[in-house]
Each structure stands twice: as structure tokens, then as C-alpha cells.
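Asker: Have a look at this one.
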Amino acid sequence: MNKLLLKTLPVLVVLMLFLTACVSNREERNPAPNGLIVREAFVPLFADVQLLEAARKQKMFRGDSVDLQIANAYRQIFEKHHTTDSLFQLSYLHYFSKPEEMSVIYEEVIGFLSQQESEARDRAGRTEDE
């Protein structure tokens, strides 16, 4: 997982910069829709989605049913975060339309993933000591 995280973080940073540069500022025309996942809940959800997408791109899913495995992984993520694919898409499109807010979200996702990596290293270190 550490190698995956190290490969994912630079991609997230580049993507964050790209999104910030490419999307025009439409905040006044884009009020928050009903059912929007609040940012505090969206960050860990989006982090899980980013990890899943990184695993997919790294071809970590194998076999004949890769699409089914990925669909099941998405379903598990949405269940874990008590949401649905449609609410995630709605929220993602809303935040994506606000580059400054999306930039903050990406920074928070990177911090969240860094914290998870640190905790995983701590757990691995304790396991080696035992």
C-alpha cells in the first residue's frame, strides 16, 4: 500500500493543479444542490475513490471479471460512507465546478492519505517489533 500511496500522491497534486487551472470560476451560478455530500464527509470518500482508481490503473485487479470487481469495490466504498453513486456524482460535479473549493478538497485528500500511510507504517512497525 505504501508504494501505491507514493505513486498516487503526485498524481493527485498534478490533477489538483490541472483542475484549478482549467475550470472557469462558476461559483455564483452553481449553488449547492440538495443532497450534496458535505466536504468533511466527501474528503474520506473521495480518498477511497482515488485509491480504487489508482489500483485500477496499476492493474491490481486481475482475472476475467475486472469490471465486476471494480463495481463491487465502488459499491463497498459507497456503503462504507453511507452514500450512493448518484450522490457522489452530484457532489463531485458540484465541487469540480468550484476550482478553489476542489483545490482545498484535493489538499485535504492528500493530507488524509498521508495520515493513513503514517498510521499503516506505525502498525507495520509494531507488528515487526512483536
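Each chain in the C-alpha cells gets a letter, A, B, ..., in the order shown, and its residues are numbered from 1; ligands are numbered from 1 in order too.
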Just the residues within 12 Å of A:Ala73, please, counting only C-alpha atoms, with nothing from its chain fewer than 5 positions along; format it as an mmCIF file with N, CA and C atoms, in the first residue's frame.
Answerer:
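And here's result-v2.cif as it stands now:
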data_model
loop_
_atom_site.group_PDB
_atom_site.id
_atom_site.type_symbol
_atom_site.label_atom_id
_atom_site.label_comp_id
_atom_site.auth_asym_id
_atom_site.auth_seq_id
_atom_site.Cartn_x
_atom_site.Cartn_y
_atom_site.Cartn_z
ATOM 1 N N ASP A 48 -10.952 7.349 -0.787
ATOM 2 C CA ASP A 48 -11.165 5.931 -1.104
ATOM 3 C C ASP A 48 -11.364 5.720 -2.599
ATOM 4 N N VAL A 49 -12.099 6.619 -3.242
ATOM 5 C CA VAL A 49 -12.304 6.516 -4.691
ATOM 6 C C VAL A 49 -10.973 6.682 -5.422
ATOM 7 N N GLN A 50 -10.154 7.632 -4.980
ATOM 8 C CA GLN A 50 -8.853 7.842 -5.616
ATOM 9 C C GLN A 50 -7.958 6.613 -5.465
ATOM 10 N N LEU A 51 -7.980 5.980 -4.285
ATOM 11 C CA LEU A 51 -7.191 4.767 -4.092
ATOM 12 C C LEU A 51 -7.682 3.637 -4.992
ATOM 13 N N LEU A 52 -8.994 3.509 -5.120
ATOM 14 C CA LEU A 52 -9.550 2.484 -6.002
ATOM 15 C C LEU A 52 -9.141 2.746 -7.448
ATOM 16 N N GLU A 53 -9.240 3.977 -7.877
ATOM 17 C CA GLU A 53 -8.860 4.305 -9.254
ATOM 18 C C GLU A 53 -7.362 4.078 -9.486
ATOM 19 N N ALA A 55 -5.552 1.836 -7.937
ATOM 20 C CA ALA A 55 -5.399 0.376 -8.010
ATOM 21 C C ALA A 55 -5.835 -0.137 -9.373
ATOM 22 N N ARG A 56 -6.910 0.424 -9.897
ATOM 23 C CA ARG A 56 -7.380 0.019 -11.226
ATOM 24 C C ARG A 56 -6.350 0.373 -12.294
ATOM 25 N N PHE A 61 -6.313 -5.305 -10.163
ATOM 26 C CA PHE A 61 -7.426 -6.235 -10.280
ATOM 27 C C PHE A 61 -7.090 -7.200 -11.407
ATOM 28 N N VAL A 66 -12.785 -8.224 -14.059
ATOM 29 C CA VAL A 66 -12.210 -6.987 -13.524
ATOM 30 C C VAL A 66 -13.282 -5.924 -13.350
ATOM 31 N N ASP A 67 -14.143 -5.751 -14.359
ATOM 32 C CA ASP A 67 -15.193 -4.735 -14.263
ATOM 33 C C ASP A 67 -16.125 -5.007 -13.092
ATOM 34 N N LEU A 68 -16.457 -6.264 -12.876
ATOM 35 C CA LEU A 68 -17.322 -6.639 -11.761
ATOM 36 C C LEU A 68 -16.621 -6.392 -10.426
ATOM 37 N N PHE A 78 -19.182 3.085 -1.306
ATOM 38 C CA PHE A 78 -20.384 3.871 -1.075
ATOM 39 C C PHE A 78 -21.138 3.383 0.156
ATOM 40 N N GLU A 79 -21.150 2.077 0.383
ATOM 41 C CA GLU A 79 -21.787 1.549 1.595
ATOM 42 C C GLU A 79 -21.020 1.994 2.840
ATOM 43 N N LYS A 80 -19.709 1.924 2.780
ATOM 44 C CA LYS A 80 -18.866 2.333 3.913
ATOM 45 C C LYS A 80 -19.144 3.785 4.308
ATOM 46 N N ASP A 85 -23.854 6.124 -5.482
ATOM 47 C CA ASP A 85 -23.099 6.576 -6.642
ATOM 48 C C ASP A 85 -23.655 7.898 -7.164
#
Asker: Produce a table with one row for each residue of stretch 44-77 of chain A that has an atom at most 8 Å from any atom of stretch 103-118 of chain A, each row naming the nearest atom pair and its distance in Å at one decimal; use only C-alpha atoms; arrange rows by chain and rising residue number; format as a Markdown table.
Answerer:
| residue | atom | partner | partner_atom | distance |
| --- | --- | --- | --- | --- |
| A:Pro44 | CA | A:Val109 | CA | 6.8 |
| A:Phe46 | CA | A:Val109 | CA | 7.2 |
| A:Ala47 | CA | A:Val109 | CA | 5.5 |
Asker: Take the residues that were just selected and, keeping C-alpha atoms, output them as a PDB file, in the first residue's frame.
Answerer:
ATOM      1  CA  PRO A  44     -12.526  10.468   3.031  1.00  0.00           C
ATOM      2  CA  PHE A  46     -13.035  10.809  -2.392  1.00  0.00           C
ATOM      3  CA  ALA A  47      -9.773   9.475  -0.930  1.00  0.00           C
TER       4      ALA A  47
END
Asker: Hey, which bits of stretch 52-86 of chain A sit within 12 Å of stretch 91-101 of chain A, and for each residue what's the closest pair of atoms and how far apart in Å (one decimal), counting only C-alpha atoms, rows by chain and increasing number, as JSON lines?
Answerer:
{"residue": "A:Thr83", "atom": "CA", "partner": "A:Ser91", "partner_atom": "CA", "distance": 10.8}
{"residue": "A:Thr84", "atom": "CA", "partner": "A:Ser91", "partner_atom": "CA", "distance": 10.6}
{"residue": "A:Asp85", "atom": "CA", "partner": "A:Ser91", "partner_atom": "CA", "distance": 9.9}
{"residue": "A:Ser86", "atom": "CA", "partner": "A:Ser91", "partner_atom": "CA", "distance": 8.5}
Asker: In Å, with one decimal, what is the gap from atom CA of A:His81 to atom CA of A:Arg39?
Answerer: 12.7 Å
Asker: For the atom pair atom CA of A:Gly125 and atom CA of A:Gln58, what is the interatomic distance in Å to one decimal place?
Answerer: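 Atom CA of A:Gln58 lies 25.9 Å from atom CA of A:Gly125.
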Asker: At what distance in Å, to one decimal, does atom CA of A:His82 lie from atom CA of A:Leu36?
Answerer: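 Straight-line distance from atom CA of A:Leu36 to atom CA of A:His82 works out to 12.9 Å.
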